[in-house]
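Text of data-v3.cif (mmCIF, C-alpha atoms) as supplied:
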data_model
loop_
_atom_site.group_PDB
_atom_site.id
_atom_site.type_symbol
_atom_site.label_atom_id
_atom_site.label_comp_id
_atom_site.auth_asym_id
_atom_site.auth_seq_id
_atom_site.Cartn_x
_atom_site.Cartn_y
_atom_site.Cartn_z
ATOM 1 C CA MET A 370 109.595 111.665 113.034
ATOM 2 C CA SER A 371 112.901 110.596 111.521
ATOM 3 C CA ASP A 372 114.728 109.388 108.471
ATOM 4 C CA PHE A 373 115.885 105.782 108.241
ATOM 5 C CA TYR A 374 119.006 106.124 110.414
ATOM 6 C CA ALA A 375 119.099 102.857 112.363
ATOM 7 C CA ALA A 376 119.928 104.463 115.736
ATOM 8 C CA TYR A 377 116.418 105.944 115.947
ATOM 9 C CA GLU A 378 114.952 102.441 116.130
ATOM 10 C CA THR A 379 116.285 102.065 119.692
ATOM 11 C CA ILE A 380 114.055 104.875 121.010
ATOM 12 C CA PRO A 381 110.997 103.286 122.707
ATOM 13 C CA CYS A 382 108.154 105.397 121.320
ATOM 14 C CA PRO A 383 105.809 105.456 118.306
ATOM 15 C CA GLN A 384 107.803 106.569 115.287
ATOM 16 C CA GLN A 385 107.064 107.912 111.824
ATOM 17 C CA LYS A 386 109.632 107.479 109.070
ATOM 18 C CA CYS A 387 109.925 110.229 106.478
ATOM 19 C CA LEU A 388 108.078 109.037 103.380
ATOM 20 C CA ILE A 389 109.791 111.613 101.178
ATOM 21 C CA HIS A 390 113.123 109.961 102.006
ATOM 22 C CA LEU A 391 111.574 106.632 101.076
ATOM 23 C CA MET A 392 110.252 107.952 97.758
ATOM 24 C CA ARG A 393 113.684 109.377 96.915
ATOM 25 C CA ASP A 394 115.281 106.013 97.607
ATOM 26 C CA LEU A 395 112.694 104.254 95.422
ATOM 27 C CA ASN A 396 113.357 106.744 92.619
ATOM 28 C CA ASP A 397 117.093 106.075 92.931
ATOM 29 C CA GLU A 398 116.458 102.335 92.649
ATOM 30 C CA ILE A 399 114.462 102.876 89.459
ATOM 31 C CA LEU A 400 117.174 105.107 87.994
ATOM 32 C CA ASN A 401 119.793 102.481 88.835
ATOM 33 C CA ASN A 402 117.619 99.670 87.417
ATOM 34 C CA PRO A 403 115.706 101.269 84.524
ATOM 35 C CA PHE A 404 114.496 97.955 83.077
ATOM 36 C CA ASP A 405 113.363 96.439 86.369
ATOM 37 C CA THR A 406 109.584 96.253 86.029
ATOM 38 C CA GLU A 407 109.181 94.667 89.472
ATOM 39 C CA THR A 408 110.773 97.615 91.277
ATOM 40 C CA LYS A 409 108.703 99.983 89.161
ATOM 41 C CA SER A 410 105.528 98.124 90.154
ATOM 42 C CA ILE A 411 106.338 98.512 93.869
ATOM 43 C CA ALA A 412 107.111 102.217 93.441
ATOM 44 C CA ALA A 413 103.949 102.802 91.385
ATOM 45 C CA CYS A 414 101.697 101.113 93.970
ATOM 46 C CA PHE A 415 103.295 103.020 96.831
ATOM 47 C CA ALA A 416 103.106 106.334 94.950
ATOM 48 C CA GLU A 417 99.402 105.848 94.234
ATOM 49 C CA LEU A 418 98.734 105.002 97.881
ATOM 50 C CA LEU A 419 100.656 108.037 99.114
ATOM 51 C CA LYS A 420 99.014 110.339 96.557
ATOM 52 C CA LEU A 421 95.547 109.561 97.921
ATOM 53 C CA ILE A 422 96.701 110.030 101.513
ATOM 54 C CA VAL A 423 98.366 113.386 100.753
ATOM 55 C CA GLU A 424 95.180 114.579 99.040
ATOM 56 C CA THR A 425 93.323 113.893 102.283
ATOM 57 C CA VAL A 426 96.006 115.733 104.281
ATOM 58 C CA ASP A 427 95.719 118.717 101.926
ATOM 59 C CA ARG A 428 91.943 118.819 102.408
ATOM 60 C CA HIS A 429 91.591 118.024 106.104
ATOM 61 C CA GLY A 430 95.015 118.324 107.717
ATOM 62 C CA LEU A 431 96.747 115.698 109.836
ATOM 63 C CA LYS A 432 93.612 114.424 111.579
ATOM 64 C CA THR A 433 93.130 110.747 112.367
ATOM 65 C CA ARG A 434 89.380 110.828 111.787
ATOM 66 C CA PHE A 435 89.999 111.611 108.119
ATOM 67 C CA LEU A 436 93.220 109.647 107.643
ATOM 68 C CA GLN A 437 92.322 106.342 109.292
ATOM 69 C CA LYS A 438 90.233 105.303 106.278
ATOM 70 C CA HIS A 439 93.482 104.864 104.333
ATOM 71 C CA GLN A 440 94.566 102.012 106.613
ATOM 72 C CA ILE A 441 92.546 99.656 104.381
ATOM 73 C CA ALA A 442 94.624 100.672 101.350
ATOM 74 C CA VAL A 443 97.827 100.375 103.396
ATOM 75 C CA ASP A 444 96.918 96.811 104.386
ATOM 76 C CA ARG A 445 96.118 96.041 100.748
ATOM 77 C CA PHE A 446 99.560 97.343 99.705
ATOM 78 C CA PHE A 447 101.314 95.091 102.219
ATOM 79 C CA ARG A 448 99.196 92.111 101.126
ATOM 80 C CA PHE A 449 100.397 92.798 97.575
ATOM 81 C CA LEU A 450 104.004 92.764 98.778
ATOM 82 C CA GLY A 451 103.490 89.631 100.847
ATOM 83 C CA ALA A 452 101.902 87.722 97.974
ATOM 84 C CA SER A 453 104.581 88.728 95.459
ATOM 85 C CA GLU A 454 107.744 86.751 94.773
ATOM 86 C CA PHE A 455 110.163 89.182 93.184
ATOM 87 C CA ARG A 456 113.025 87.850 91.109
ATOM 88 C CA SER A 457 115.089 91.028 90.864
ATOM 89 C CA GLU A 458 117.485 91.881 93.679
ATOM 90 C CA ALA A 459 116.363 95.533 93.782
ATOM 91 C CA ALA A 460 112.673 94.610 94.101
ATOM 92 C CA SER A 461 113.426 92.019 96.791
ATOM 93 C CA LYS A 462 115.344 94.631 98.801
ATOM 94 C CA CYS A 463 112.467 97.113 98.439
ATOM 95 C CA LYS A 464 110.024 94.496 99.661
ATOM 96 C CA GLN A 465 112.222 93.699 102.679
ATOM 97 C CA ARG A 466 112.578 97.371 103.526
ATOM 98 C CA PHE A 467 108.836 97.974 103.438
ATOM 99 C CA GLU A 468 108.120 94.907 105.549
ATOM 100 C CA LYS A 469 110.860 95.745 108.071
ATOM 101 C CA ASN A 470 109.511 99.288 108.540
ATOM 102 C CA ARG A 471 105.816 98.479 108.285
ATOM 103 C CA ASP A 472 105.032 99.681 111.815
ATOM 104 C CA THR A 473 106.739 103.060 111.317
ATOM 105 C CA LEU A 474 105.660 104.067 107.806
ATOM 106 C CA PHE A 475 102.035 104.968 108.480
ATOM 107 C CA THR A 476 102.007 105.970 112.151
ATOM 108 C CA PHE A 477 100.607 109.374 111.125
ATOM 109 C CA LEU A 478 97.317 107.698 110.165
ATOM 110 C CA ARG A 479 96.773 106.825 113.841
ATOM 111 C CA TYR A 480 97.798 110.069 115.587
ATOM 112 C CA ASP A 481 96.610 113.641 115.142
ATOM 113 C CA GLY A 482 99.217 116.179 114.086
ATOM 114 C CA VAL A 483 101.973 113.752 113.077
ATOM 115 C CA PRO A 484 103.530 114.744 109.720
ATOM 116 C CA TRP A 485 104.344 112.169 107.049
ATOM 117 C CA ASN A 486 107.711 113.761 106.252
ATOM 118 C CA ASN A 487 110.431 115.539 108.198
ATOM 119 C CA ASN A 488 110.829 118.582 105.929
ATOM 120 C CA ASN A 489 110.014 120.970 108.795
ATOM 121 C CA ALA A 490 112.637 119.377 111.031
ATOM 122 C CA GLU A 491 115.269 119.496 108.310
ATOM 123 C CA HIS A 492 114.439 123.136 107.603
ATOM 124 C CA ALA A 493 114.702 124.001 111.300
ATOM 125 C CA ILE A 494 118.079 122.310 111.734
ATOM 126 C CA LYS A 495 119.669 124.213 108.827
ATOM 127 C CA ALA A 496 120.117 127.331 110.960
ATOM 128 C CA PHE A 497 121.931 125.312 113.612
ATOM 129 C CA ALA A 498 124.064 123.656 110.927
ATOM 130 C CA ARG A 499 125.081 127.119 109.694
ATOM 131 C CA LEU A 500 126.149 128.070 113.220
ATOM 132 C CA ARG A 501 128.188 124.869 113.498
ATOM 133 C CA ASP A 502 130.026 125.761 110.301
ATOM 134 C CA VAL A 503 130.755 129.303 111.555
ATOM 135 C CA ILE A 504 131.960 128.468 115.063
ATOM 136 C CA ALA A 505 133.803 125.300 113.966
ATOM 137 C CA GLY A 506 133.042 123.590 117.278
ATOM 138 C CA THR A 507 134.481 126.323 119.525
ATOM 139 C CA SER A 508 131.285 127.356 121.340
ATOM 140 C CA SER A 509 130.641 126.475 124.985
ATOM 141 C CA ARG A 510 127.705 124.337 126.038
ATOM 142 C CA LYS A 511 126.069 127.446 127.547
ATOM 143 C CA GLY A 512 126.467 129.302 124.232
ATOM 144 C CA VAL A 513 124.937 126.462 122.260
ATOM 145 C CA ASP A 514 122.024 126.174 124.726
ATOM 146 C CA GLU A 515 121.311 129.909 124.445
ATOM 147 C CA TYR A 516 121.525 129.804 120.659
ATOM 148 C CA LEU A 517 119.157 126.823 120.494
ATOM 149 C CA THR A 518 116.653 128.647 122.704
ATOM 150 C CA LEU A 519 116.707 131.684 120.399
ATOM 151 C CA LEU A 520 116.555 129.432 117.339
ATOM 152 C CA SER A 521 113.500 127.658 118.729
ATOM 153 C CA VAL A 522 111.727 130.987 119.310
ATOM 154 C CA ALA A 523 112.749 132.264 115.847
ATOM 155 C CA GLU A 524 111.441 129.135 114.115
ATOM 156 C CA THR A 525 108.178 129.301 116.084
ATOM 157 C CA CYS A 526 107.748 132.932 114.983
ATOM 158 C CA GLU A 527 108.464 131.928 111.385
ATOM 159 C CA TYR A 528 105.772 129.242 111.402
ATOM 160 C CA ARG A 529 103.331 131.546 113.178
ATOM 161 C CA GLY A 530 103.863 134.256 110.562
ATOM 162 C CA ILE A 531 105.096 136.902 112.996
ATOM 163 C CA ASP A 532 108.246 139.007 112.990
ATOM 164 C CA PHE A 533 110.944 137.620 115.299
ATOM 165 C CA LEU A 534 112.472 141.039 116.068
ATOM 166 C CA GLU A 535 109.049 142.539 116.840
ATOM 167 C CA PHE A 536 108.378 139.693 119.250
ATOM 168 C CA LEU A 537 111.689 140.274 121.056
ATOM 169 C CA GLN A 538 111.103 144.031 121.258
ATOM 170 C CA SER A 539 107.562 143.593 122.583
ATOM 171 C CA GLY A 540 108.706 142.138 125.892
ATOM 172 C CA GLU A 541 106.057 139.418 125.535
ATOM 173 C CA ARG A 542 107.209 136.008 126.781
ATOM 174 C CA ASP A 543 104.581 133.859 125.063
ATOM 175 C CA VAL A 544 104.799 133.549 121.267
ATOM 176 C CA HIS A 545 101.247 132.240 121.008
ATOM 177 C CA THR A 546 99.802 135.200 122.914
ATOM 178 C CA PHE A 547 101.815 137.646 120.817
ATOM 179 C CA ALA A 548 100.729 135.889 117.606
ATOM 180 C CA LYS A 549 97.054 136.552 118.296
ATOM 181 C CA GLY A 550 97.472 140.287 117.831
ATOM 182 C CA HIS A 551 100.439 140.565 115.521
ATOM 183 C CA ARG A 552 100.877 139.109 112.078
ATOM 184 C CA ARG A 553 103.813 139.762 109.823
ATOM 185 C CA LYS A 554 102.933 142.513 107.381
ATOM 186 C CA ARG A 555 104.134 141.651 103.912
ATOM 187 C CA LEU A 556 104.864 144.457 101.495
ATOM 188 C CA PRO A 557 102.771 144.166 98.323
ATOM 189 C CA ARG A 558 104.703 143.394 95.191
ATOM 190 C CA THR A 559 104.376 146.119 92.599
ATOM 191 C CA ILE A 560 105.307 146.322 88.962
ATOM 192 C CA ALA A 561 107.729 149.139 89.743
ATOM 193 C CA SER A 562 109.554 147.289 92.529
ATOM 194 C CA ASP A 563 109.825 144.113 90.452
ATOM 195 C CA SER A 564 111.058 145.821 87.332
ATOM 196 C CA PRO A 565 114.639 144.940 86.372
ATOM 197 C CA ASN A 566 115.065 148.540 85.125
ATOM 198 C CA ARG A 567 114.181 150.106 88.496
ATOM 199 C CA ARG A 568 116.839 152.617 89.686
#
Can the structure from this file be put into structure tokens for me?
Amino acid sequence: MSDFYAAYETIPCPQQKCLIHLMRDLNDEILNNPFDTETKSIAACFAELLKLIVETVDRHGLKTRFLQKHQIAVDRFFRFLGASEFRSEAASKCKQRFEKNRDTLFTFLRYDGVPWNNNNAEHAIKAFARLRDVIAGTSSRKGVDEYLTLLSVAETCEYRGIDFLEFLQSGERDVHTFAKGHRRKRLPRTIASDSPNRR
């Protein structure tokens, strides 16, 4: 799972490009070319295709047996691109980008558990980015390795809905085992605690 940074293309494995990044780029093209109906037509077709796929993900999760049916619509979208001769430069570039990345845009339809965007990865890396800003590159390799280990455990706890500090204090070494018996207890919101006049 990656954005469109070209270096990732050298890694020999199935890849999934972040479709949210792609949608943002399409939106930017439309904003930069507000009267370009060809670019708008590409974006509209892609948005409709993605909308139907995301609805399936919302209902059934990232499971191939439910998602593979959308491959027909994906093929139809690429046939539309292939049969179209766009006159605008922006639309032609969009078409080339889709065709160049065809094999990495819909990988998640063929594999269970593969997300269609890298929001989780970007969220997870923010904590490390904050550390980088604080230490300004002065940490040792050992320090970074230890921090990354703790960060990995903390992010796993976050996604599992358990308290990171409670997990550390428990002495348990397996987050999944700990998660079975411990869930983060959220305090109920009350009118009194939410009131701006509370003292």
Q: Using all atoms listed in the file, pick whichever of A:Arg510, A:Arg448, A:Arg479, A:Arg456 has the shortest atom-to-atom distance to Gln384 in chain A.
A: A:Arg479
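Take the candidates A:Pro403, A:Glu527, A:His390, A:Phe446 and check each one against Trp485 in chain A using all atoms listed in the file; the shortest distance goes to A:His390.
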Just say which residues the PyMOL selection byres ((chain A and resi 474) around 10) picks in this file, as a compact mmCIF listing (two decimals) with C-alpha atoms, in the coordinates of the input.
# COMPACT_ATOMS: atom_id res chain seq x y z
CA GLN A 384 107.80 106.57 115.29
CA GLN A 385 107.06 107.91 111.82
CA LYS A 386 109.63 107.48 109.07
CA CYS A 387 109.92 110.23 106.48
CA LEU A 388 108.08 109.04 103.38
CA LEU A 391 111.57 106.63 101.08
CA VAL A 443 97.83 100.38 103.40
CA PHE A 467 108.84 97.97 103.44
CA GLU A 468 108.12 94.91 105.55
CA LYS A 469 110.86 95.74 108.07
CA ASN A 470 109.51 99.29 108.54
CA ARG A 471 105.82 98.48 108.28
CA ASP A 472 105.03 99.68 111.82
CA THR A 473 106.74 103.06 111.32
CA PHE A 475 102.04 104.97 108.48
CA THR A 476 102.01 105.97 112.15
CA PHE A 477 100.61 109.37 111.12
CA LEU A 478 97.32 107.70 110.16
CA TRP A 485 104.34 112.17 107.05
Kindly provide, as JSON, the centre and edge lengths (Å, one decimal) of an axis-aligned box around all atoms of range 448-465 of chain A given in the file, with 8 Å on each side.
{"center_x": 108.3, "center_y": 91.9, "center_z": 96.8, "size_x": 34.3, "size_y": 26.4, "size_z": 27.8}
Q | Residue nearest Ile531 in chain A among A:Lys420, A:Ala376, A:Leu517, A:Thr546 (counting only C-alpha atoms) | A |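 Closest to Ile531 in chain A, using only C-alpha atoms: A:Thr546.
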Q: Excluding Glu407 in chain A and any residue of its chain fewer than 5 positions from it, enumerate the residues within 10 Å of it, using all atoms listed in the file, and give them as a list in words.
A: Ile399, Ala412, Ala413, Ser453, Glu454, Phe455, Arg456, Ser457, Glu458, Ala459, Ala460, Ser461 and Cys463 of chain A
Q.
Under the PyMOL selection byres ((chain A and resi 442) around 12), which residues of this model are included? Write them out as a PyMOL selection string.
A. chain A and resi 414-415+417-422+436-441+443-449+475+478
Q. Any idea what's packed within 9 Å of Tyr480 in chain A, counting all atoms listed in the file, ignoring anything in its chain fewer than 5 positions away? Could you give it as a VMD selection string?
A. chain A and resid 431 to 433
Dump C-alpha atoms for the selected residues as a JSON list (two decimals), in the coordinates of the input?
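Output file selection25.json is given in full below:
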[["chain", "number", "residue", "atom", "x", "y", "z"],
["A", 431, "LEU", "CA", 96.75, 115.70, 109.84],
["A", 432, "LYS", "CA", 93.61, 114.42, 111.58],
["A", 433, "THR", "CA", 93.13, 110.75, 112.37]]
(Q) As an exercise, work out the distance from CA of His545 in chain A to CA of Val426 in chain A in Å and give it to one decimal place. (A) 24.1 Å
Q) Which residue, A:Leu519, A:Val513, A:Val423, A:Ile389, has the smallest gap to Met370 in chain A when you use all atoms listed in the file? A) A:Ile389
**Q.** Pairwise distance for CA of Pro484 in chain A and CA of Tyr528 in chain A, rounded to one decimal in Å
**A.** 14.8 Å
